[in-house]
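Take a look at the structure set out below.
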Amino acid sequence: MKAPRAAAPRPPRVRARTTSIAAFVVLAALVPTTASATGTQEAEAELPYVCALPSGQLPATVRISAKFPKRAGAGEAFSPSGVTTTVELPAEAVADLTARHAAEVRAATRLAVGVTQNAAAATATWRGGAEPVPLPASGPLTLVSKGDVPSVAGRGDGDLTFSAGALAIDLALGAADPAASGAAAGDPGSLTVDCALAEDAPDQGLLATVPVGTGGPGPGGSPSPSGSAGASEPPAGAGRRDGPGGQREERQGERSPKVLENSPGTATGGDVPPCRYDEQHPPTDVSLNAYVTGYANVTKMKGAAYLPPACVLIEQGVPVMGPPDPDYLIFDTVSYARFHYRGHERTPPFPSTLLSFDFAPVKATMVLEQTGPIRIDSRIRMRLTDFTTITDTYVRAPLVLHVIDLEVNGTPLDVGPGCRTEKSLTSVDPDPANHPGDHLVLYGRGEQIIGQQATGYLLLSGGALSGETAIPAFTGCGTAGEDLDRLLTASVSGPGNLVKQIQGQTCAIAAPVFPSPTNEGQCTEDLQPYEIPVAER
């Protein structure tokens, strides 16, 4: 079972991305790394943009900040960190939104960043998300988004330059009063605002320059794209040269920098636990199963714990009509899931080694245990003008952290059988009135353009989910009169811990898709998930 999955080709929705792009960019698994880059430089740029809003073309100010390495080696991948995009829309934009009976807004940004080296070019998409903010009574609207961005690798020697380009802002609007979403006023719905860099932008939107290699020009004949690569459209006119049969264009593409995008669902050869329904857990007509994996930061220990692939059994909900919207057809779906490991609703044990108080190595083996059902809320919005669908998904999981084994500075400590957090990992819920209680919240967004493969997260095809959680205090830790609660609480517990999970392609039990010469696999012959996702930081 595992060997065929290890040799699995890429899933169709990822592979299909390669068909629509020029040969300037390689998209592969995102593994942000700056470990070998020398030092960091902080970049801050304030740029003028022109945004298309219902009331017309309006000026906006966009501030972009990020950290880049001061220098990188040829072929060395690095990821800009601490990326923040701050958009200031004028008061006229606020009037446009309040005219739709909106009182608050949640933004998601997509910034096209041109990456050039020795006149060759590629494009990376910097995606970010923002917390909901109320619309101001007067003055401009400020939106602050943050998120992970693709890694980049120079093909050879020469400066890598990063320049801001087109910006798209997806606005999910919230009503002032639940009564305002009735038939009389109409639900405020959502809106996508497209912005272009102003012609008078300083340095044409330059963000940063990173020297690569020894500083000489990059040689031709760089390593060719890997078999798992896709591609991305370069900026208009950038890196293109006329030549007989396009030969010079191909050589240019070979020298272009690599943009390493995340491609969820890639199969790996690592050991994974079984993931199948059985007599104790029989499937239904809407049953799915999938693997999830990822990382969870432990802020106090300045490290991250790797969460190995875990089995999730899912009961997919039936879409129901959502609130009315003049621009979108909206459907809401509620699904439920549970971890499945040796008959228990928990993950497999995962070891992690971190530094406590910056100096004492701590090795702990832990599991995440469910204390209730995992709820998956998806809102699907189909734009009526071009039938593009945008899906926002919130996963709410009540999970306690159970410590099985503990070793501090090489000394084993007996934590006993009941060492766990006092309550579930806790996140700030965007809808606490309808979802009270303690639970982890993860969010993902997917987009499907008609005629193209989906990007981002969708329940069926998987993708990246992320969130932030507080780790509660520990209880029940220690035996023979030795109380370890305080040690673990002081070392681990606290807020601000980022979580990023990657879900693989699901297997639909009632309609399995097996691997064949004409189809990519979604299910193994014994109805387990064919894809095993790869964790991303």
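Identifiers for the structure tokens are assigned positionally: chains receive A, B, ... in sequence, residues are indexed from 1 per chain, and ligands are indexed from 1 in the order shown.
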Exercise. Within 9 Å of region 95-97 of chain A, counting only C-alpha atoms, which residues qualify if same-chain residues fewer than 5 places away don't, as a PyMOL selection string?
Worked result: chain A and resi 53-55+102-105+135+173+188+191
Pro512 (chain A) environment, 12 Å, only C-alpha atoms, sequence neighbours closer than 4 positions dropped, as a PDB file with N, CA, C and O atoms, in the first residue's frame:
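So selection-v4.pdb came out as:
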```
ATOM      1  N   ASP A 285     -22.601   7.311   2.661  1.00  0.00           N
ATOM      2  CA  ASP A 285     -22.494   7.768   1.278  1.00  0.00           C
ATOM      3  C   ASP A 285     -21.695   9.065   1.146  1.00  0.00           C
ATOM      4  O   ASP A 285     -21.303   9.435   0.033  1.00  0.00           O
ATOM      5  N   VAL A 286     -21.492   9.789   2.249  1.00  0.00           N
ATOM      6  CA  VAL A 286     -20.769  11.059   2.191  1.00  0.00           C
ATOM      7  C   VAL A 286     -19.453  11.000   2.974  1.00  0.00           C
ATOM      8  O   VAL A 286     -18.897  12.025   3.351  1.00  0.00           O
ATOM      9  N   SER A 287     -18.943   9.801   3.192  1.00  0.00           N
ATOM     10  CA  SER A 287     -17.717   9.643   3.978  1.00  0.00           C
ATOM     11  C   SER A 287     -16.476   9.890   3.124  1.00  0.00           C
ATOM     12  O   SER A 287     -16.382   9.438   1.979  1.00  0.00           O
ATOM     13  N   LEU A 288     -15.532  10.614   3.708  1.00  0.00           N
ATOM     14  CA  LEU A 288     -14.228  10.869   3.111  1.00  0.00           C
ATOM     15  C   LEU A 288     -13.150  10.498   4.125  1.00  0.00           C
ATOM     16  O   LEU A 288     -13.406  10.467   5.335  1.00  0.00           O
ATOM     17  N   ASN A 289     -11.944  10.234   3.654  1.00  0.00           N
ATOM     18  CA  ASN A 289     -10.801  10.142   4.556  1.00  0.00           C
ATOM     19  C   ASN A 289      -9.611  10.830   3.921  1.00  0.00           C
ATOM     20  O   ASN A 289      -9.520  10.966   2.700  1.00  0.00           O
ATOM     21  N   GLN A 505      -5.317  15.245  -0.557  1.00  0.00           N
ATOM     22  CA  GLN A 505      -6.518  14.917  -1.318  1.00  0.00           C
ATOM     23  C   GLN A 505      -7.331  13.865  -0.573  1.00  0.00           C
ATOM     24  O   GLN A 505      -6.804  12.896  -0.039  1.00  0.00           O
ATOM     25  N   THR A 506      -8.638  14.063  -0.503  1.00  0.00           N
ATOM     26  CA  THR A 506      -9.499  13.089   0.162  1.00  0.00           C
ATOM     27  C   THR A 506      -9.783  11.909  -0.757  1.00  0.00           C
ATOM     28  O   THR A 506      -9.706  11.996  -1.980  1.00  0.00           O
ATOM     29  N   CYS A 507     -10.158  10.808  -0.131  1.00  0.00           N
ATOM     30  CA  CYS A 507     -10.686   9.634  -0.827  1.00  0.00           C
ATOM     31  C   CYS A 507     -12.177   9.572  -0.527  1.00  0.00           C
ATOM     32  O   CYS A 507     -12.579   9.528   0.643  1.00  0.00           O
ATOM     33  N   ALA A 508     -13.010   9.608  -1.569  1.00  0.00           N
ATOM     34  CA  ALA A 508     -14.464   9.506  -1.408  1.00  0.00           C
ATOM     35  C   ALA A 508     -14.834   8.028  -1.414  1.00  0.00           C
ATOM     36  O   ALA A 508     -14.725   7.354  -2.445  1.00  0.00           O
ATOM     37  N   ASN A 519      -5.967   8.211 -15.013  1.00  0.00           N
ATOM     38  CA  ASN A 519      -6.435   8.941 -13.827  1.00  0.00           C
ATOM     39  C   ASN A 519      -5.367   8.953 -12.748  1.00  0.00           C
ATOM     40  O   ASN A 519      -4.688   7.938 -12.518  1.00  0.00           O
ATOM     41  N   GLU A 520      -5.226  10.090 -12.090  1.00  0.00           N
ATOM     42  CA  GLU A 520      -4.413  10.147 -10.884  1.00  0.00           C
ATOM     43  C   GLU A 520      -5.173   9.465  -9.752  1.00  0.00           C
ATOM     44  O   GLU A 520      -6.400   9.492  -9.706  1.00  0.00           O
ATOM     45  N   GLY A 521      -4.462   8.857  -8.838  1.00  0.00           N
ATOM     46  CA  GLY A 521      -5.127   8.151  -7.762  1.00  0.00           C
ATOM     47  C   GLY A 521      -5.603   9.058  -6.646  1.00  0.00           C
ATOM     48  O   GLY A 521      -4.920  10.009  -6.273  1.00  0.00           O
ATOM     49  N   GLN A 522      -6.778   8.782  -6.133  1.00  0.00           N
ATOM     50  CA  GLN A 522      -7.285   9.420  -4.917  1.00  0.00           C
ATOM     51  C   GLN A 522      -7.460   8.404  -3.798  1.00  0.00           C
ATOM     52  O   GLN A 522      -7.432   8.765  -2.633  1.00  0.00           O
ATOM     53  N   CYS A 523      -7.642   7.133  -4.157  1.00  0.00           N
ATOM     54  CA  CYS A 523      -7.861   6.062  -3.180  1.00  0.00           C
ATOM     55  C   CYS A 523      -6.974   4.866  -3.519  1.00  0.00           C
ATOM     56  O   CYS A 523      -6.719   4.583  -4.690  1.00  0.00           O
ATOM     57  N   THR A 524      -6.528   4.166  -2.498  1.00  0.00           N
ATOM     58  CA  THR A 524      -5.873   2.881  -2.705  1.00  0.00           C
ATOM     59  C   THR A 524      -6.952   1.816  -2.884  1.00  0.00           C
ATOM     60  O   THR A 524      -8.148   2.064  -2.695  1.00  0.00           O
ATOM     61  N   GLU A 525      -6.538   0.612  -3.232  1.00  0.00           N
ATOM     62  CA  GLU A 525      -7.508  -0.453  -3.463  1.00  0.00           C
ATOM     63  C   GLU A 525      -8.315  -0.784  -2.210  1.00  0.00           C
ATOM     64  O   GLU A 525      -9.473  -1.214  -2.308  1.00  0.00           O
ATOM     65  N   ASP A 526      -7.721  -0.595  -1.030  1.00  0.00           N
ATOM     66  CA  ASP A 526      -8.457  -0.858   0.210  1.00  0.00           C
ATOM     67  C   ASP A 526      -9.069   0.420   0.786  1.00  0.00           C
ATOM     68  O   ASP A 526      -9.347   0.513   1.982  1.00  0.00           O
ATOM     69  N   LEU A 527      -9.289   1.430  -0.093  1.00  0.00           N
ATOM     70  CA  LEU A 527     -10.025   2.649   0.239  1.00  0.00           C
ATOM     71  C   LEU A 527      -9.350   3.474   1.334  1.00  0.00           C
ATOM     72  O   LEU A 527     -10.002   3.973   2.254  1.00  0.00           O
ATOM     73  N   GLN A 528      -8.039   3.619   1.216  1.00  0.00           N
ATOM     74  CA  GLN A 528      -7.308   4.562   2.036  1.00  0.00           C
ATOM     75  C   GLN A 528      -6.878   5.741   1.148  1.00  0.00           C
ATOM     76  O   GLN A 528      -6.834   5.621  -0.075  1.00  0.00           O
ATOM     77  N   PRO A 529      -6.558   6.884   1.742  1.00  0.00           N
ATOM     78  CA  PRO A 529      -6.117   8.028   0.912  1.00  0.00           C
ATOM     79  C   PRO A 529      -4.852   7.678   0.140  1.00  0.00           C
ATOM     80  O   PRO A 529      -3.888   7.166   0.708  1.00  0.00           O
ATOM     81  N   TYR A 530      -4.856   7.976  -1.141  1.00  0.00           N
ATOM     82  CA  TYR A 530      -3.697   7.689  -1.984  1.00  0.00           C
ATOM     83  C   TYR A 530      -2.577   8.700  -1.749  1.00  0.00           C
ATOM     84  O   TYR A 530      -1.404   8.366  -1.838  1.00  0.00           O
TER      85      TYR A 530
END
```
Exercise. Could you pull the residues within 9 Å of Thr353 (chain A), counting only C-alpha atoms, minus those fewer than 6 positions along the same chain, as a list in words?
Worked result: Gly303, Ala304, Ala305, Pro361, Val362, Lys363, Ala364 and Thr365 of chain A
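Considering only C-alpha atoms, the residue among A:Asn434, A:Thr385, A:Thr426, A:Thr475 positioned nearest to Ile449 (chain A) is A:Thr385.
If you measure from each of A:Leu167, A:Ile532, A:Val334, A:Ala77 to Val113 (chain A) using only C-alpha atoms, the closest one turns out to be A:Leu167.
With only C-alpha atoms taken into account, the protein and nucleic acid residues at most 9 Å from Leu143 (chain A) (excluding it and anything under 2 positions from it in its own chain) are Thr85, Thr86, Val87, Glu88, Leu89, Val105, Arg106, Ala107, Ala130, Glu131, Pro132, Val133, Leu141 and Ser145 of chain A.
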Excluding same-chain residues fewer than 6 positions from Glu468 (chain A), what lies within 8 Å of it counting only C-alpha atoms, as a PDB file with all heavy atoms, in the first residue's frame?
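Listed below is the output, around36.pdb:
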```pdb
ATOM      1  N   SER A 427      -8.220  29.277  20.300  1.00  0.00           N
ATOM      2  CA  SER A 427      -7.997  30.351  19.341  1.00  0.00           C
ATOM      3  C   SER A 427      -9.094  31.393  19.492  1.00  0.00           C
ATOM      4  O   SER A 427     -10.153  31.124  20.057  1.00  0.00           O
ATOM      5  CB  SER A 427      -8.025  29.813  17.896  1.00  0.00           C
ATOM      6  OG  SER A 427      -7.048  28.825  17.684  1.00  0.00           O
ATOM      7  N   LEU A 440      -9.409  25.033  18.861  1.00  0.00           N
ATOM      8  CA  LEU A 440      -8.455  25.548  17.885  1.00  0.00           C
ATOM      9  C   LEU A 440      -9.213  25.939  16.625  1.00  0.00           C
ATOM     10  O   LEU A 440     -10.115  25.215  16.188  1.00  0.00           O
ATOM     11  CB  LEU A 440      -7.413  24.469  17.563  1.00  0.00           C
ATOM     12  CG  LEU A 440      -6.473  24.708  16.378  1.00  0.00           C
ATOM     13  CD1 LEU A 440      -5.506  25.837  16.663  1.00  0.00           C
ATOM     14  CD2 LEU A 440      -5.721  23.424  16.034  1.00  0.00           C
ATOM     15  N   VAL A 441      -8.852  27.079  16.028  1.00  0.00           N
ATOM     16  CA  VAL A 441      -9.471  27.523  14.771  1.00  0.00           C
ATOM     17  C   VAL A 441      -8.385  27.612  13.700  1.00  0.00           C
ATOM     18  O   VAL A 441      -7.373  28.288  13.880  1.00  0.00           O
ATOM     19  CB  VAL A 441     -10.168  28.889  14.917  1.00  0.00           C
ATOM     20  CG1 VAL A 441     -10.765  29.327  13.582  1.00  0.00           C
ATOM     21  CG2 VAL A 441     -11.254  28.830  15.988  1.00  0.00           C
ATOM     22  N   LEU A 442      -8.614  26.904  12.591  1.00  0.00           N
ATOM     23  CA  LEU A 442      -7.734  26.984  11.428  1.00  0.00           C
ATOM     24  C   LEU A 442      -8.546  27.495  10.244  1.00  0.00           C
ATOM     25  O   LEU A 442      -9.734  27.179  10.114  1.00  0.00           O
ATOM     26  CB  LEU A 442      -7.135  25.614  11.090  1.00  0.00           C
ATOM     27  CG  LEU A 442      -6.250  24.972  12.155  1.00  0.00           C
ATOM     28  CD1 LEU A 442      -5.798  23.594  11.700  1.00  0.00           C
ATOM     29  CD2 LEU A 442      -5.051  25.845  12.476  1.00  0.00           C
ATOM     30  N   GLY A 496      -0.003  32.935  21.189  1.00  0.00           N
ATOM     31  CA  GLY A 496       0.824  33.302  20.048  1.00  0.00           C
ATOM     32  C   GLY A 496       1.548  32.169  19.365  1.00  0.00           C
ATOM     33  O   GLY A 496       2.598  32.383  18.754  1.00  0.00           O
ATOM     34  N   ASN A 497       0.997  30.947  19.420  1.00  0.00           N
ATOM     35  CA  ASN A 497       1.633  29.796  18.780  1.00  0.00           C
ATOM     36  C   ASN A 497       0.992  29.541  17.416  1.00  0.00           C
ATOM     37  O   ASN A 497      -0.190  29.209  17.328  1.00  0.00           O
ATOM     38  CB  ASN A 497       1.487  28.555  19.670  1.00  0.00           C
ATOM     39  CG  ASN A 497       2.028  28.786  21.068  1.00  0.00           C
ATOM     40  OD1 ASN A 497       3.227  28.796  21.285  1.00  0.00           O
ATOM     41  ND2 ASN A 497       1.133  28.992  22.021  1.00  0.00           N
ATOM     42  N   LEU A 498       1.757  29.721  16.358  1.00  0.00           N
ATOM     43  CA  LEU A 498       1.239  29.537  15.003  1.00  0.00           C
ATOM     44  C   LEU A 498       1.132  28.055  14.667  1.00  0.00           C
ATOM     45  O   LEU A 498       1.997  27.257  15.040  1.00  0.00           O
ATOM     46  CB  LEU A 498       2.129  30.238  13.989  1.00  0.00           C
ATOM     47  CG  LEU A 498       2.279  31.755  14.155  1.00  0.00           C
ATOM     48  CD1 LEU A 498       3.215  32.319  13.093  1.00  0.00           C
ATOM     49  CD2 LEU A 498       0.928  32.444  14.085  1.00  0.00           C
ATOM     50  N   VAL A 499       0.074  27.708  13.948  1.00  0.00           N
ATOM     51  CA  VAL A 499      -0.157  26.330  13.525  1.00  0.00           C
ATOM     52  C   VAL A 499      -0.397  26.340  12.017  1.00  0.00           C
ATOM     53  O   VAL A 499      -1.172  27.148  11.509  1.00  0.00           O
ATOM     54  CB  VAL A 499      -1.376  25.708  14.233  1.00  0.00           C
ATOM     55  CG1 VAL A 499      -1.605  24.276  13.767  1.00  0.00           C
ATOM     56  CG2 VAL A 499      -1.197  25.746  15.751  1.00  0.00           C
TER      57      VAL A 499
END
```
What's the 7 Å shell around Ala124 (chain A), counting only C-alpha atoms, without same-chain residues fewer than 2 positions away, as a PDB file with all heavy atoms, in the first residue's frame?
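Saved result, around17.pdb, follows:
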```pdb
ATOM      1  N   ALA A 112       1.248  40.506  -6.554  1.00  0.00           N
ATOM      2  CA  ALA A 112       2.174  39.952  -7.543  1.00  0.00           C
ATOM      3  C   ALA A 112       3.533  40.624  -7.365  1.00  0.00           C
ATOM      4  O   ALA A 112       3.644  41.840  -7.435  1.00  0.00           O
ATOM      5  CB  ALA A 112       1.646  40.178  -8.954  1.00  0.00           C
ATOM      6  N   VAL A 113       4.546  39.818  -7.114  1.00  0.00           N
ATOM      7  CA  VAL A 113       5.901  40.335  -6.898  1.00  0.00           C
ATOM      8  C   VAL A 113       6.789  39.818  -8.020  1.00  0.00           C
ATOM      9  O   VAL A 113       6.955  38.604  -8.192  1.00  0.00           O
ATOM     10  CB  VAL A 113       6.448  39.904  -5.526  1.00  0.00           C
ATOM     11  CG1 VAL A 113       7.906  40.348  -5.365  1.00  0.00           C
ATOM     12  CG2 VAL A 113       5.596  40.481  -4.408  1.00  0.00           C
ATOM     13  N   GLY A 114       7.344  40.750  -8.790  1.00  0.00           N
ATOM     14  CA  GLY A 114       8.266  40.379  -9.846  1.00  0.00           C
ATOM     15  C   GLY A 114       9.649  40.100  -9.279  1.00  0.00           C
ATOM     16  O   GLY A 114      10.167  40.857  -8.456  1.00  0.00           O
ATOM     17  N   ALA A 122      10.588  36.218 -13.131  1.00  0.00           N
ATOM     18  CA  ALA A 122       9.554  35.303 -12.659  1.00  0.00           C
ATOM     19  C   ALA A 122       8.579  36.112 -11.817  1.00  0.00           C
ATOM     20  O   ALA A 122       8.837  37.272 -11.489  1.00  0.00           O
ATOM     21  CB  ALA A 122      10.166  34.159 -11.846  1.00  0.00           C
ATOM     22  N   TRP A 126       2.365  36.860  -3.312  1.00  0.00           N
ATOM     23  CA  TRP A 126       2.419  36.987  -1.861  1.00  0.00           C
ATOM     24  C   TRP A 126       0.984  37.106  -1.348  1.00  0.00           C
ATOM     25  O   TRP A 126       0.306  38.109  -1.623  1.00  0.00           O
ATOM     26  CB  TRP A 126       3.221  38.219  -1.460  1.00  0.00           C
ATOM     27  CG  TRP A 126       4.705  38.075  -1.668  1.00  0.00           C
ATOM     28  CD1 TRP A 126       5.359  37.073  -2.313  1.00  0.00           C
ATOM     29  CD2 TRP A 126       5.725  38.977  -1.212  1.00  0.00           C
ATOM     30  NE1 TRP A 126       6.711  37.281  -2.306  1.00  0.00           N
ATOM     31  CE2 TRP A 126       6.969  38.461  -1.623  1.00  0.00           C
ATOM     32  CE3 TRP A 126       5.696  40.179  -0.506  1.00  0.00           C
ATOM     33  CZ2 TRP A 126       8.166  39.087  -1.345  1.00  0.00           C
ATOM     34  CZ3 TRP A 126       6.909  40.811  -0.240  1.00  0.00           C
ATOM     35  CH2 TRP A 126       8.128  40.268  -0.647  1.00  0.00           C
ATOM     36  N   PRO A 150       6.114  32.539  -1.071  1.00  0.00           N
ATOM     37  CA  PRO A 150       6.947  31.490  -1.675  1.00  0.00           C
ATOM     38  C   PRO A 150       8.430  31.733  -1.468  1.00  0.00           C
ATOM     39  O   PRO A 150       8.887  32.866  -1.331  1.00  0.00           O
ATOM     40  CB  PRO A 150       6.587  31.569  -3.162  1.00  0.00           C
ATOM     41  CG  PRO A 150       5.277  32.270  -3.214  1.00  0.00           C
ATOM     42  CD  PRO A 150       5.269  33.220  -2.055  1.00  0.00           C
ATOM     43  N   VAL A 259      10.764  30.250  -8.367  1.00  0.00           N
ATOM     44  CA  VAL A 259       9.810  30.605  -7.320  1.00  0.00           C
ATOM     45  C   VAL A 259       9.204  29.305  -6.826  1.00  0.00           C
ATOM     46  O   VAL A 259       8.567  28.577  -7.580  1.00  0.00           O
ATOM     47  CB  VAL A 259       8.712  31.540  -7.851  1.00  0.00           C
ATOM     48  CG1 VAL A 259       7.695  31.831  -6.766  1.00  0.00           C
ATOM     49  CG2 VAL A 259       9.327  32.836  -8.348  1.00  0.00           C
TER      50      VAL A 259
END
```
9 Å contact set for Glu422 (chain A), only C-alpha atoms, chain neighbours under 5 positions out, as a PDB file with all heavy atoms, in the first residue's frame:
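Once written, result.pdb looks like this:
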```pdb
ATOM      1  N   VAL A 400      -6.987  18.613  23.216  1.00  0.00           N
ATOM      2  CA  VAL A 400      -6.078  18.755  24.353  1.00  0.00           C
ATOM      3  C   VAL A 400      -4.735  18.152  23.969  1.00  0.00           C
ATOM      4  O   VAL A 400      -4.654  17.219  23.160  1.00  0.00           O
ATOM      5  CB  VAL A 400      -6.626  18.078  25.630  1.00  0.00           C
ATOM      6  CG1 VAL A 400      -7.904  18.753  26.079  1.00  0.00           C
ATOM      7  CG2 VAL A 400      -6.838  16.599  25.418  1.00  0.00           C
ATOM      8  N   LEU A 401      -3.675  18.691  24.541  1.00  0.00           N
ATOM      9  CA  LEU A 401      -2.319  18.209  24.297  1.00  0.00           C
ATOM     10  C   LEU A 401      -1.933  17.277  25.435  1.00  0.00           C
ATOM     11  O   LEU A 401      -1.884  17.687  26.603  1.00  0.00           O
ATOM     12  CB  LEU A 401      -1.357  19.390  24.207  1.00  0.00           C
ATOM     13  CG  LEU A 401       0.092  19.083  23.857  1.00  0.00           C
ATOM     14  CD1 LEU A 401       0.193  18.418  22.494  1.00  0.00           C
ATOM     15  CD2 LEU A 401       0.922  20.363  23.886  1.00  0.00           C
ATOM     16  N   PRO A 472      -2.915  26.017  26.857  1.00  0.00           N
ATOM     17  CA  PRO A 472      -3.304  26.198  28.267  1.00  0.00           C
ATOM     18  C   PRO A 472      -2.282  25.611  29.228  1.00  0.00           C
ATOM     19  O   PRO A 472      -1.315  24.949  28.834  1.00  0.00           O
ATOM     20  CB  PRO A 472      -4.636  25.443  28.356  1.00  0.00           C
ATOM     21  CG  PRO A 472      -5.086  25.234  26.950  1.00  0.00           C
ATOM     22  CD  PRO A 472      -3.826  25.139  26.135  1.00  0.00           C
ATOM     23  N   ALA A 473      -2.514  25.856  30.490  1.00  0.00           N
ATOM     24  CA  ALA A 473      -1.672  25.279  31.547  1.00  0.00           C
ATOM     25  C   ALA A 473      -1.835  23.759  31.576  1.00  0.00           C
ATOM     26  O   ALA A 473      -2.843  23.216  31.130  1.00  0.00           O
ATOM     27  CB  ALA A 473      -2.046  25.877  32.897  1.00  0.00           C
ATOM     28  N   PHE A 474      -0.823  23.086  32.113  1.00  0.00           N
ATOM     29  CA  PHE A 474      -0.841  21.622  32.201  1.00  0.00           C
ATOM     30  C   PHE A 474      -1.317  21.175  33.572  1.00  0.00           C
ATOM     31  O   PHE A 474      -1.178  21.884  34.578  1.00  0.00           O
ATOM     32  CB  PHE A 474       0.551  21.051  31.918  1.00  0.00           C
ATOM     33  CG  PHE A 474       0.922  21.061  30.462  1.00  0.00           C
ATOM     34  CD1 PHE A 474       1.387  22.229  29.860  1.00  0.00           C
ATOM     35  CD2 PHE A 474       0.783  19.922  29.684  1.00  0.00           C
ATOM     36  CE1 PHE A 474       1.716  22.248  28.516  1.00  0.00           C
ATOM     37  CE2 PHE A 474       1.110  19.941  28.341  1.00  0.00           C
ATOM     38  CZ  PHE A 474       1.580  21.108  27.753  1.00  0.00           C
ATOM     39  N   THR A 475      -1.868  19.970  33.606  1.00  0.00           N
ATOM     40  CA  THR A 475      -2.348  19.385  34.849  1.00  0.00           C
ATOM     41  C   THR A 475      -2.139  17.879  34.813  1.00  0.00           C
ATOM     42  O   THR A 475      -2.050  17.276  33.734  1.00  0.00           O
ATOM     43  CB  THR A 475      -3.842  19.696  35.060  1.00  0.00           C
ATOM     44  OG1 THR A 475      -4.246  19.226  36.345  1.00  0.00           O
ATOM     45  CG2 THR A 475      -4.707  19.047  34.000  1.00  0.00           C
ATOM     46  N   GLY A 476      -2.023  17.271  35.986  1.00  0.00           N
ATOM     47  CA  GLY A 476      -1.891  15.814  36.089  1.00  0.00           C
ATOM     48  C   GLY A 476      -0.529  15.290  35.712  1.00  0.00           C
ATOM     49  O   GLY A 476      -0.388  14.097  35.392  1.00  0.00           O
TER      50      GLY A 476
END
```
